[in-house]
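Student: Contents of work_34.cif (mmCIF, C-alpha atoms, pLDDT in the B column; chains and numbers go by the auth columns) are below:
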```
data_entry
loop_
_atom_site.group_PDB
_atom_site.id
_atom_site.type_symbol
_atom_site.label_atom_id
_atom_site.label_comp_id
_atom_site.label_asym_id
_atom_site.label_seq_id
_atom_site.Cartn_x
_atom_site.Cartn_y
_atom_site.Cartn_z
_atom_site.B_iso_or_equiv
_atom_site.auth_seq_id
_atom_site.auth_asym_id
ATOM 1 C CA MET A 1 10.421 6.012 -9.998 94.00 7 Q
ATOM 2 C CA ASP A 2 11.393 8.288 -7.090 97.00 8 Q
ATOM 3 C CA ILE A 3 15.194 8.194 -7.167 98.00 9 Q
ATOM 4 C CA SER A 4 17.868 7.139 -9.662 98.00 10 Q
ATOM 5 C CA VAL A 5 21.273 6.332 -8.171 98.00 11 Q
ATOM 6 C CA VAL A 6 24.227 6.722 -10.553 98.00 12 Q
ATOM 7 C CA LEU A 7 27.515 5.087 -9.607 98.00 13 Q
ATOM 8 C CA SER A 8 30.421 5.416 -12.035 97.00 14 Q
ATOM 9 C CA THR A 9 33.272 2.975 -11.524 97.00 15 Q
ATOM 10 C CA PHE A 10 36.694 2.162 -12.946 95.00 16 Q
ATOM 11 C CA ASN A 11 38.720 -0.942 -12.048 96.00 17 Q
ATOM 12 C CA ARG A 12 37.642 -1.162 -8.401 94.00 18 Q
ATOM 13 C CA SER A 13 35.524 -4.283 -8.375 95.00 19 Q
ATOM 14 C CA GLY A 14 36.559 -5.143 -4.805 91.00 20 Q
ATOM 15 C CA PHE A 15 35.399 -1.794 -3.443 93.00 21 Q
ATOM 16 C CA LEU A 16 32.445 -1.811 -5.834 96.00 22 Q
ATOM 17 C CA ARG A 17 31.008 -4.993 -4.375 96.00 23 Q
ATOM 18 C CA ARG A 18 30.819 -3.419 -0.910 95.00 24 Q
ATOM 19 C CA ALA A 19 29.295 -0.236 -2.331 96.00 25 Q
ATOM 20 C CA ILE A 20 26.605 -2.232 -4.132 97.00 26 Q
ATOM 21 C CA GLU A 21 25.872 -4.378 -1.089 96.00 27 Q
ATOM 22 C CA SER A 22 25.202 -1.213 0.927 97.00 28 Q
ATOM 23 C CA LEU A 23 22.692 -0.117 -1.724 97.00 29 Q
ATOM 24 C CA CYS A 24 20.977 -3.511 -1.623 94.00 30 Q
ATOM 25 C CA ALA A 25 20.591 -3.256 2.157 94.00 31 Q
ATOM 26 C CA GLN A 26 18.726 0.053 2.229 96.00 32 Q
ATOM 27 C CA ARG A 27 15.757 0.548 4.542 94.00 33 Q
ATOM 28 C CA ALA A 28 13.533 2.460 2.142 95.00 34 Q
ATOM 29 C CA PRO A 29 9.895 1.439 2.671 93.00 35 Q
ATOM 30 C CA GLY A 30 7.626 2.595 -0.129 95.00 36 Q
ATOM 31 C CA ILE A 31 10.411 4.385 -2.042 97.00 37 Q
ATOM 32 C CA LYS A 32 10.996 3.326 -5.639 97.00 38 Q
ATOM 33 C CA TYR A 33 14.630 3.597 -6.661 97.00 39 Q
ATOM 34 C CA GLU A 34 16.995 2.230 -9.287 98.00 40 Q
ATOM 35 C CA ILE A 35 20.778 1.823 -9.305 98.00 41 Q
ATOM 36 C CA ILE A 36 22.644 2.515 -12.539 98.00 42 Q
ATOM 37 C CA VAL A 37 26.234 1.289 -12.400 98.00 43 Q
ATOM 38 C CA VAL A 38 28.306 2.878 -15.154 98.00 44 Q
ATOM 39 C CA ASP A 39 31.383 0.864 -16.083 98.00 45 Q
ATOM 40 C CA ASN A 40 33.853 3.528 -17.205 95.00 46 Q
ATOM 41 C CA ASN A 41 35.964 1.260 -19.417 95.00 47 Q
ATOM 42 C CA SER A 42 37.145 -1.119 -16.669 96.00 48 Q
ATOM 43 C CA THR A 43 39.480 -3.996 -17.473 96.00 49 Q
ATOM 44 C CA ASP A 44 38.837 -6.012 -14.282 96.00 50 Q
ATOM 45 C CA ASP A 45 35.724 -8.075 -13.447 97.00 51 Q
ATOM 46 C CA THR A 46 33.457 -5.055 -12.885 97.00 52 Q
ATOM 47 C CA HIS A 47 30.939 -6.257 -15.492 96.00 53 Q
ATOM 48 C CA GLU A 48 30.618 -9.656 -13.838 97.00 54 Q
ATOM 49 C CA VAL A 49 30.176 -8.110 -10.381 96.00 55 Q
ATOM 50 C CA VAL A 50 27.363 -5.839 -11.547 96.00 56 Q
ATOM 51 C CA GLU A 51 25.616 -8.577 -13.525 95.00 57 Q
ATOM 52 C CA GLU A 52 25.740 -10.818 -10.464 95.00 58 Q
ATOM 53 C CA PHE A 53 23.722 -8.282 -8.483 95.00 59 Q
ATOM 54 C CA ALA A 54 21.465 -7.376 -11.412 94.00 60 Q
ATOM 55 C CA GLY A 55 20.583 -11.039 -11.825 94.00 61 Q
ATOM 56 C CA ARG A 56 19.003 -11.155 -8.384 92.00 62 Q
ATOM 57 C CA ASP A 57 17.828 -7.548 -7.946 94.00 63 Q
ATOM 58 C CA GLY A 58 15.894 -5.860 -10.738 94.00 64 Q
ATOM 59 C CA ARG A 59 16.744 -2.372 -9.441 95.00 65 Q
ATOM 60 C CA PHE A 60 20.276 -2.656 -10.867 96.00 66 Q
ATOM 61 C CA ARG A 61 21.246 -1.746 -14.411 96.00 67 Q
ATOM 62 C CA TYR A 62 24.652 -1.980 -16.074 97.00 68 Q
ATOM 63 C CA VAL A 63 25.817 0.738 -18.487 97.00 69 Q
ATOM 64 C CA PHE A 64 29.168 0.748 -20.305 97.00 70 Q
ATOM 65 C CA GLU A 65 30.849 4.094 -21.066 97.00 71 Q
ATOM 66 C CA PRO A 66 34.105 3.711 -23.036 96.00 72 Q
ATOM 67 C CA ARG A 67 35.176 7.370 -22.826 94.00 73 Q
ATOM 68 C CA GLN A 68 37.497 7.612 -19.847 92.00 74 Q
ATOM 69 C CA GLY A 69 36.586 10.060 -17.095 93.00 75 Q
ATOM 70 C CA LEU A 70 34.189 10.548 -14.195 93.00 76 Q
ATOM 71 C CA SER A 71 32.096 13.188 -15.967 94.00 77 Q
ATOM 72 C CA TYR A 72 31.620 10.906 -18.961 96.00 78 Q
ATOM 73 C CA GLY A 73 30.478 8.169 -16.576 96.00 79 Q
ATOM 74 C CA ARG A 74 28.075 10.381 -14.653 97.00 80 Q
ATOM 75 C CA ASN A 75 26.653 11.902 -17.815 97.00 81 Q
ATOM 76 C CA ALA A 76 26.004 8.429 -19.227 98.00 82 Q
ATOM 77 C CA GLY A 77 24.106 7.616 -16.031 98.00 83 Q
ATOM 78 C CA ILE A 78 22.065 10.817 -16.272 98.00 84 Q
ATOM 79 C CA ALA A 79 21.036 9.849 -19.801 98.00 85 Q
ATOM 80 C CA GLU A 80 19.775 6.467 -18.535 98.00 86 Q
ATOM 81 C CA ALA A 81 18.091 7.695 -15.334 98.00 87 Q
ATOM 82 C CA ARG A 82 14.306 7.547 -15.110 98.00 88 Q
ATOM 83 C CA ALA A 83 13.649 9.516 -11.910 98.00 89 Q
ATOM 84 C CA GLU A 84 13.279 13.234 -11.279 98.00 90 Q
ATOM 85 C CA ALA A 85 15.967 13.061 -8.572 98.00 91 Q
ATOM 86 C CA ILE A 86 19.369 11.716 -9.613 98.00 92 Q
ATOM 87 C CA VAL A 87 21.804 10.732 -6.873 98.00 93 Q
ATOM 88 C CA PHE A 88 25.551 10.332 -7.391 98.00 94 Q
ATOM 89 C CA THR A 89 27.869 8.196 -5.321 97.00 95 Q
ATOM 90 C CA ASP A 90 31.271 6.551 -5.741 95.00 96 Q
ATOM 91 C CA ASP A 91 32.574 3.011 -5.967 95.00 97 Q
ATOM 92 C CA ASP A 92 34.702 3.348 -2.814 92.00 98 Q
ATOM 93 C CA VAL A 93 31.952 4.474 -0.421 94.00 99 Q
ATOM 94 C CA GLU A 94 29.278 2.603 1.516 96.00 100 Q
ATOM 95 C CA ALA A 95 25.870 4.180 2.046 98.00 101 Q
ATOM 96 C CA ALA A 96 24.344 4.268 5.517 97.00 102 Q
ATOM 97 C CA PRO A 97 21.353 1.902 5.818 97.00 103 Q
ATOM 98 C CA ASP A 98 18.886 4.825 5.748 98.00 104 Q
ATOM 99 C CA TRP A 99 20.635 6.695 2.916 98.00 105 Q
ATOM 100 C CA ILE A 100 17.798 6.448 0.387 98.00 106 Q
ATOM 101 C CA GLU A 101 15.186 7.178 3.051 98.00 107 Q
ATOM 102 C CA GLN A 102 17.052 10.305 4.183 98.00 108 Q
ATOM 103 C CA ILE A 103 17.490 11.478 0.593 98.00 109 Q
ATOM 104 C CA HIS A 104 13.768 11.064 -0.021 98.00 110 Q
ATOM 105 C CA GLY A 105 12.997 13.058 3.125 98.00 111 Q
ATOM 106 C CA ALA A 106 15.484 15.793 2.248 98.00 112 Q
ATOM 107 C CA LEU A 107 13.960 16.235 -1.209 98.00 113 Q
ATOM 108 C CA ALA A 108 10.573 16.806 0.428 98.00 114 Q
ATOM 109 C CA ALA A 109 11.977 19.115 3.119 98.00 115 Q
ATOM 110 C CA HIS A 110 14.159 21.261 0.832 98.00 116 Q
ATOM 111 C CA THR A 111 11.959 21.849 -2.187 98.00 117 Q
ATOM 112 C CA GLU A 112 13.830 25.092 -2.921 97.00 118 Q
ATOM 113 C CA ALA A 113 17.169 23.308 -3.399 98.00 119 Q
ATOM 114 C CA ASP A 114 18.310 22.335 -6.885 98.00 120 Q
ATOM 115 C CA PHE A 115 20.887 19.961 -5.392 98.00 121 Q
ATOM 116 C CA ILE A 116 21.568 18.432 -1.975 98.00 122 Q
ATOM 117 C CA GLY A 117 24.798 17.082 -0.524 98.00 123 Q
ATOM 118 C CA GLY A 118 25.326 14.912 2.522 98.00 124 Q
ATOM 119 C CA ARG A 119 28.064 13.849 4.887 96.00 125 Q
ATOM 120 C CA VAL A 120 31.011 11.812 3.603 95.00 126 Q
ATOM 121 C CA LEU A 121 32.722 10.302 6.647 93.00 127 Q
ATOM 122 C CA THR A 122 35.244 7.654 7.559 87.00 128 Q
ATOM 123 C CA ARG A 123 34.330 4.622 9.613 70.00 129 Q
ATOM 124 C CA ALA A 124 35.388 4.573 13.280 50.00 130 Q
ATOM 125 C CA GLU A 125 38.033 1.961 12.482 43.00 131 Q
ATOM 126 C CA MET A 126 39.454 4.279 9.813 49.00 132 Q
ATOM 127 C CA ASN A 127 40.099 7.231 12.137 56.00 133 Q
ATOM 128 C CA LEU A 128 42.283 9.919 10.621 54.00 134 Q
ATOM 129 C CA PRO A 129 45.692 10.572 12.166 52.00 135 Q
ATOM 130 C CA ARG A 130 45.935 13.424 14.662 53.00 136 Q
ATOM 131 C CA TRP A 131 47.391 15.871 12.126 42.00 137 Q
ATOM 132 C CA ALA A 132 44.510 15.359 9.657 47.00 138 Q
ATOM 133 C CA HIS A 133 40.949 16.641 9.466 47.00 139 Q
ATOM 134 C CA VAL A 134 37.967 15.863 7.248 50.00 140 Q
ATOM 135 C CA ARG A 135 38.119 19.133 5.296 49.00 141 Q
ATOM 136 C CA MET A 136 41.494 18.378 3.729 42.00 142 Q
ATOM 137 C CA ALA A 137 40.593 18.299 0.046 45.00 143 Q
ATOM 138 C CA PRO A 138 42.592 15.193 -1.035 45.00 144 Q
ATOM 139 C CA PHE A 139 40.589 12.991 1.363 51.00 145 Q
ATOM 140 C CA ALA A 140 37.304 13.818 -0.442 66.00 146 Q
ATOM 141 C CA LEU A 141 35.402 13.836 2.861 88.00 147 Q
ATOM 142 C CA GLN A 142 32.634 16.215 3.888 92.00 148 Q
ATOM 143 C CA ASP A 143 31.229 17.300 7.242 93.00 149 Q
ATOM 144 C CA TRP A 144 29.851 20.826 7.658 93.00 150 Q
ATOM 145 C CA GLY A 145 28.239 20.143 11.027 94.00 151 Q
ATOM 146 C CA ASP A 146 24.963 18.860 12.411 96.00 152 Q
ATOM 147 C CA GLU A 147 22.546 21.365 10.858 97.00 153 Q
ATOM 148 C CA PRO A 148 21.481 21.949 7.236 97.00 154 Q
ATOM 149 C CA VAL A 149 23.425 24.692 5.444 97.00 155 Q
ATOM 150 C CA SER A 150 22.266 26.537 2.329 97.00 156 Q
ATOM 151 C CA VAL A 151 24.911 26.895 -0.395 97.00 157 Q
ATOM 152 C CA SER A 152 24.733 29.478 -3.152 96.00 158 Q
ATOM 153 C CA ALA A 153 26.763 32.154 -4.896 94.00 159 Q
ATOM 154 C CA GLU A 154 26.663 34.039 -1.567 94.00 160 Q
ATOM 155 C CA ASN A 155 27.779 30.989 0.440 94.00 161 Q
ATOM 156 C CA PRO A 156 29.775 28.944 -2.093 93.00 162 Q
ATOM 157 C CA ARG A 157 30.615 25.604 -0.510 92.00 163 Q
ATOM 158 C CA CYS A 158 31.233 22.698 -2.859 92.00 164 Q
ATOM 159 C CA LEU A 159 29.140 19.607 -2.052 95.00 165 Q
ATOM 160 C CA ILE A 160 31.123 16.631 -3.292 93.00 166 Q
ATOM 161 C CA GLY A 161 29.846 14.013 -5.697 93.00 167 Q
ATOM 162 C CA ALA A 162 30.337 10.986 -3.466 94.00 168 Q
ATOM 163 C CA CYS A 163 26.994 11.935 -1.881 97.00 169 Q
ATOM 164 C CA LEU A 164 25.188 14.377 -4.151 98.00 170 Q
ATOM 165 C CA VAL A 165 21.510 14.626 -5.114 98.00 171 Q
ATOM 166 C CA ALA A 166 20.453 16.676 -8.157 98.00 172 Q
ATOM 167 C CA ARG A 167 16.990 17.512 -9.409 98.00 173 Q
ATOM 168 C CA ARG A 168 16.520 17.448 -13.165 98.00 174 Q
ATOM 169 C CA ARG A 169 15.820 21.180 -13.146 98.00 175 Q
ATOM 170 C CA ALA A 170 19.446 21.680 -12.060 98.00 176 Q
ATOM 171 C CA PHE A 171 20.668 20.085 -15.289 98.00 177 Q
ATOM 172 C CA ALA A 172 18.203 22.234 -17.235 97.00 178 Q
ATOM 173 C CA LYS A 173 19.935 25.250 -15.691 96.00 179 Q
ATOM 174 C CA ALA A 174 23.572 24.187 -15.783 96.00 180 Q
ATOM 175 C CA GLY A 175 23.821 21.296 -18.237 96.00 181 Q
ATOM 176 C CA VAL A 176 25.621 18.077 -17.344 97.00 182 Q
ATOM 177 C CA PHE A 177 29.140 17.685 -15.907 95.00 183 Q
ATOM 178 C CA ARG A 178 32.000 19.259 -17.824 91.00 184 Q
ATOM 179 C CA THR A 179 34.538 16.833 -19.245 90.00 185 Q
ATOM 180 C CA ASP A 180 37.477 19.249 -19.286 88.00 186 Q
ATOM 181 C CA THR A 181 37.645 19.361 -15.477 74.00 187 Q
ATOM 182 C CA GLN A 182 36.881 15.710 -14.698 64.00 188 Q
ATOM 183 C CA ARG A 183 38.767 13.086 -12.746 61.00 189 Q
ATOM 184 C CA VAL A 184 40.320 10.480 -15.011 62.00 190 Q
ATOM 185 C CA LYS A 185 41.061 6.995 -13.654 55.00 191 Q
ATOM 186 C CA ASP A 186 42.548 7.437 -10.144 59.00 192 Q
ATOM 187 C CA GLY A 187 43.608 11.064 -10.556 52.00 193 Q
ATOM 188 C CA VAL A 188 43.056 13.725 -7.894 52.00 194 Q
ATOM 189 C CA GLY A 189 42.492 17.452 -8.056 49.00 195 Q
ATOM 190 C CA SER A 190 39.501 17.462 -10.403 70.00 196 Q
ATOM 191 C CA THR A 191 36.848 20.182 -10.159 83.00 197 Q
ATOM 192 C CA GLU A 192 33.820 18.783 -11.982 88.00 198 Q
ATOM 193 C CA ASP A 193 31.603 19.042 -8.859 92.00 199 Q
ATOM 194 C CA ALA A 194 32.548 22.641 -8.039 91.00 200 Q
ATOM 195 C CA ASP A 195 32.288 23.786 -11.648 94.00 201 Q
ATOM 196 C CA TRP A 196 28.830 22.278 -12.111 96.00 202 Q
ATOM 197 C CA GLU A 197 27.513 23.719 -8.846 96.00 203 Q
ATOM 198 C CA ALA A 198 28.888 27.149 -9.766 95.00 204 Q
ATOM 199 C CA GLN A 199 26.961 26.955 -13.029 95.00 205 Q
ATOM 200 C CA VAL A 200 23.770 26.251 -11.070 97.00 206 Q
ATOM 201 C CA TRP A 201 24.431 29.231 -8.775 96.00 207 Q
ATOM 202 C CA GLU A 202 25.145 31.550 -11.694 96.00 208 Q
ATOM 203 C CA ARG A 203 21.692 30.734 -13.052 96.00 209 Q
ATOM 204 C CA GLY A 204 19.919 31.527 -9.797 95.00 210 Q
ATOM 205 C CA GLY A 205 19.934 28.041 -8.332 97.00 211 Q
ATOM 206 C CA THR A 206 20.781 26.935 -4.807 97.00 212 Q
ATOM 207 C CA GLY A 207 21.860 23.846 -2.940 98.00 213 Q
ATOM 208 C CA VAL A 208 21.751 22.587 0.625 98.00 214 Q
ATOM 209 C CA TYR A 209 23.994 20.477 2.832 98.00 215 Q
ATOM 210 C CA GLU A 210 21.892 17.933 4.721 98.00 216 Q
ATOM 211 C CA PRO A 211 23.851 16.121 7.479 97.00 217 Q
ATOM 212 C CA ARG A 212 21.352 13.271 7.871 98.00 218 Q
ATOM 213 C CA ILE A 213 22.386 11.882 4.465 98.00 219 Q
ATOM 214 C CA VAL A 214 25.543 9.852 5.149 97.00 220 Q
ATOM 215 C CA VAL A 215 28.030 7.689 3.275 97.00 221 Q
ATOM 216 C CA TYR A 216 31.295 6.215 4.550 95.00 222 Q
ATOM 217 C CA ALA A 217 34.416 6.517 2.408 91.00 223 Q
ATOM 218 C CA GLU A 218 37.674 4.667 2.102 78.00 224 Q
ATOM 219 C CA ILE A 219 40.795 6.816 2.085 68.00 225 Q
ATOM 220 C CA ALA A 220 43.363 5.403 -0.300 56.00 226 Q
ATOM 221 C CA PRO A 221 46.749 4.958 1.452 46.00 227 Q
ATOM 222 C CA GLY A 222 48.426 6.961 -1.300 46.00 228 Q
ATOM 223 C CA ARG A 223 46.243 9.999 -0.563 45.00 229 Q
ATOM 224 C CA LEU A 224 47.032 9.792 3.142 43.00 230 Q
ATOM 225 C CA ARG A 225 50.787 9.563 2.520 43.00 231 Q
ATOM 226 C CA SER A 226 50.683 12.388 -0.023 43.00 232 Q
ATOM 227 C CA GLU A 227 48.827 14.719 2.333 40.00 233 Q
ATOM 228 C CA GLU A 228 51.116 13.800 5.234 38.00 234 Q
ATOM 229 C CA ARG A 229 54.139 14.779 3.132 41.00 235 Q
ATOM 230 C CA ARG A 230 52.470 18.079 2.174 39.00 236 Q
ATOM 231 C CA VAL A 231 51.615 18.921 5.787 33.00 237 Q
ATOM 232 C CA GLY A 232 55.130 18.005 6.864 36.00 238 Q
ATOM 233 C CA LYS A 233 56.662 20.347 4.293 39.00 239 Q
ATOM 234 C CA GLU A 234 54.395 23.191 5.425 38.00 240 Q
ATOM 235 C CA CYS A 235 55.392 22.675 9.062 34.00 241 Q
ATOM 236 C CA ARG A 236 59.103 22.630 8.239 40.00 242 Q
ATOM 237 C CA SER A 237 58.831 25.834 6.197 44.00 243 Q
ATOM 238 C CA ARG A 238 57.345 27.849 9.087 46.00 244 Q
#
```
Since I need it in another form, could you write the structure as structure tokens?
Tutor:
Amino acid sequence: MDISVVLSTFNRSGFLRRAIESLCAQRAPGIKYEIIVVDNNSTDDTHEVVEEFAGRDGRFRYVFEPRQGLSYGRNAGIAEARAEAIVFTDDDVEAAPDWIEQIHGALAAHTEADFIGGRVLTRAEMNLPRWAHVRMAPFALQDWGDEPVSVSAENPRCLIGACLVARRRAFAKAGVFRTDTQRVKDGVGSTEDADWEAQVWERGGTGVYEPRIVVYAEIAPGRLRSEERRVGKECRSR
């Protein structure tokens, strides 16, 4: 097994179906990968959606994690993963058709990196309003340009978990994701990604941003309205 994909989900079966379909449609010749979907205590038809795909594609596995929280879900996926490289993504993103292929290539090209993060973009039809930009934290998007960027204690940029690759040696250094900083249900403002990456850096590890690895994210309307109100308040206070 070359790559294990871990996708933790909670009550988003509509989004989840599109996320899974993008993983089924990967162009990944010769690359062996599995998809572990962790049901983080959903009450909708998440189980049925995953079993539907698993019934026709043996790369899918369903895992149930009753403890609520993204870190609990990811950590359950890590425990089930069989590959040396573990890739995290979210239930509201769609992977580019060459996502797995680009991850495989990045692992070979950046052997020094303990973890690798890619671009998290919006689709063209989901263009942000003029006042917004991709680096606004509530949108959970990521675009640091067209060239790879090393991240470390000296250049501490958080690579977000919607498109994050980790080698097992990174977990040997830093452990798994902390549960006291995790996102729970649809909450915002969690820091489990940044905290884990900081632990890797503190133990001499490094990461790299690789722009060729791409997923496309939905922006929940509530996040857009919330950020618009925040920006509006800042403008009025100046």
Student: Tell me, as a list in words, which residues lie within 10 Å of Ser19 in chain Q, counting all atoms listed in the file; anything in the same chain fewer than 5 positions away does not count.
Tutor: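 Contacts, in chain order: Arg24, Ala25, Ser48, Thr49, Asp50, Asp51, Thr52, His53, Glu54, Val55, Val56, Asp97 and Asp98 of chain Q.
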Student: Using only C-alpha atoms, which of Q:Ile26, Q:Val11, Q:Ala82, Q:Val155 sits nearest Glu58 in chain Q?
Tutor: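 Answer, going by the shortest atom-to-atom distance: Q:Ile26.
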Student: Within 10 Å of Val220 in chain Q, counting only C-alpha atoms, which residues show up once you throw out same-chain ones fewer than 3 positions away? Write them as a PyMOL selection string, please.
Tutor: chain Q and resi 100-106+108-109+123-127+148-149+168-169+216-217+223
Student: Using the chain letters and numbers from the file, give me the residues hit by the PyMOL selection byres ((chain Q and resi 163) around 12), as a PyMOL selection string.
Tutor: chain Q and resi 122-123+141+148-150+155-162+164-166+199-201+203-204+207+212-215
Student: Given the choices Q:Arg173, Q:Arg209, Q:Arg88, Q:Lys38, which gets closest to Ala114 in chain Q if the distance is worked out from all atoms listed in the file?
Tutor: Q:Arg173
Student: Could you work out how far CA of Val43 in chain Q lies from CA of Leu29 in chain Q, giving the answer in Å with one decimal?
Tutor: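 Interatomic distance, CA of Leu29 in chain Q to CA of Val43 in chain Q: 11.3 Å.
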Student: List the residues selected by the PyMOL selection byres ((chain Q and resi 65-79) around 6) in the file shown, writing them as a list of chain:residue names.
Tutor: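 With the PyMOL selection byres ((chain Q and resi 65-79) around 6) on this model, the match is Q:Ser14, Q:Glu40, Q:Ile41, Q:Ile42, Q:Val43, Q:Val44, Q:Asp45, Q:Asn46, Q:Asn47, Q:Ala60, Q:Asp63, Q:Gly64, Q:Arg80, Q:Asn81, Q:Ala82, Q:Phe183, Q:Thr185, Q:Gln188, Q:Arg189, Q:Val190.
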Student: What is the CA of Ala87 in chain Q-CA of Leu147 in chain Q distance in Å, reported with one decimal?
Tutor: 25.9 Å
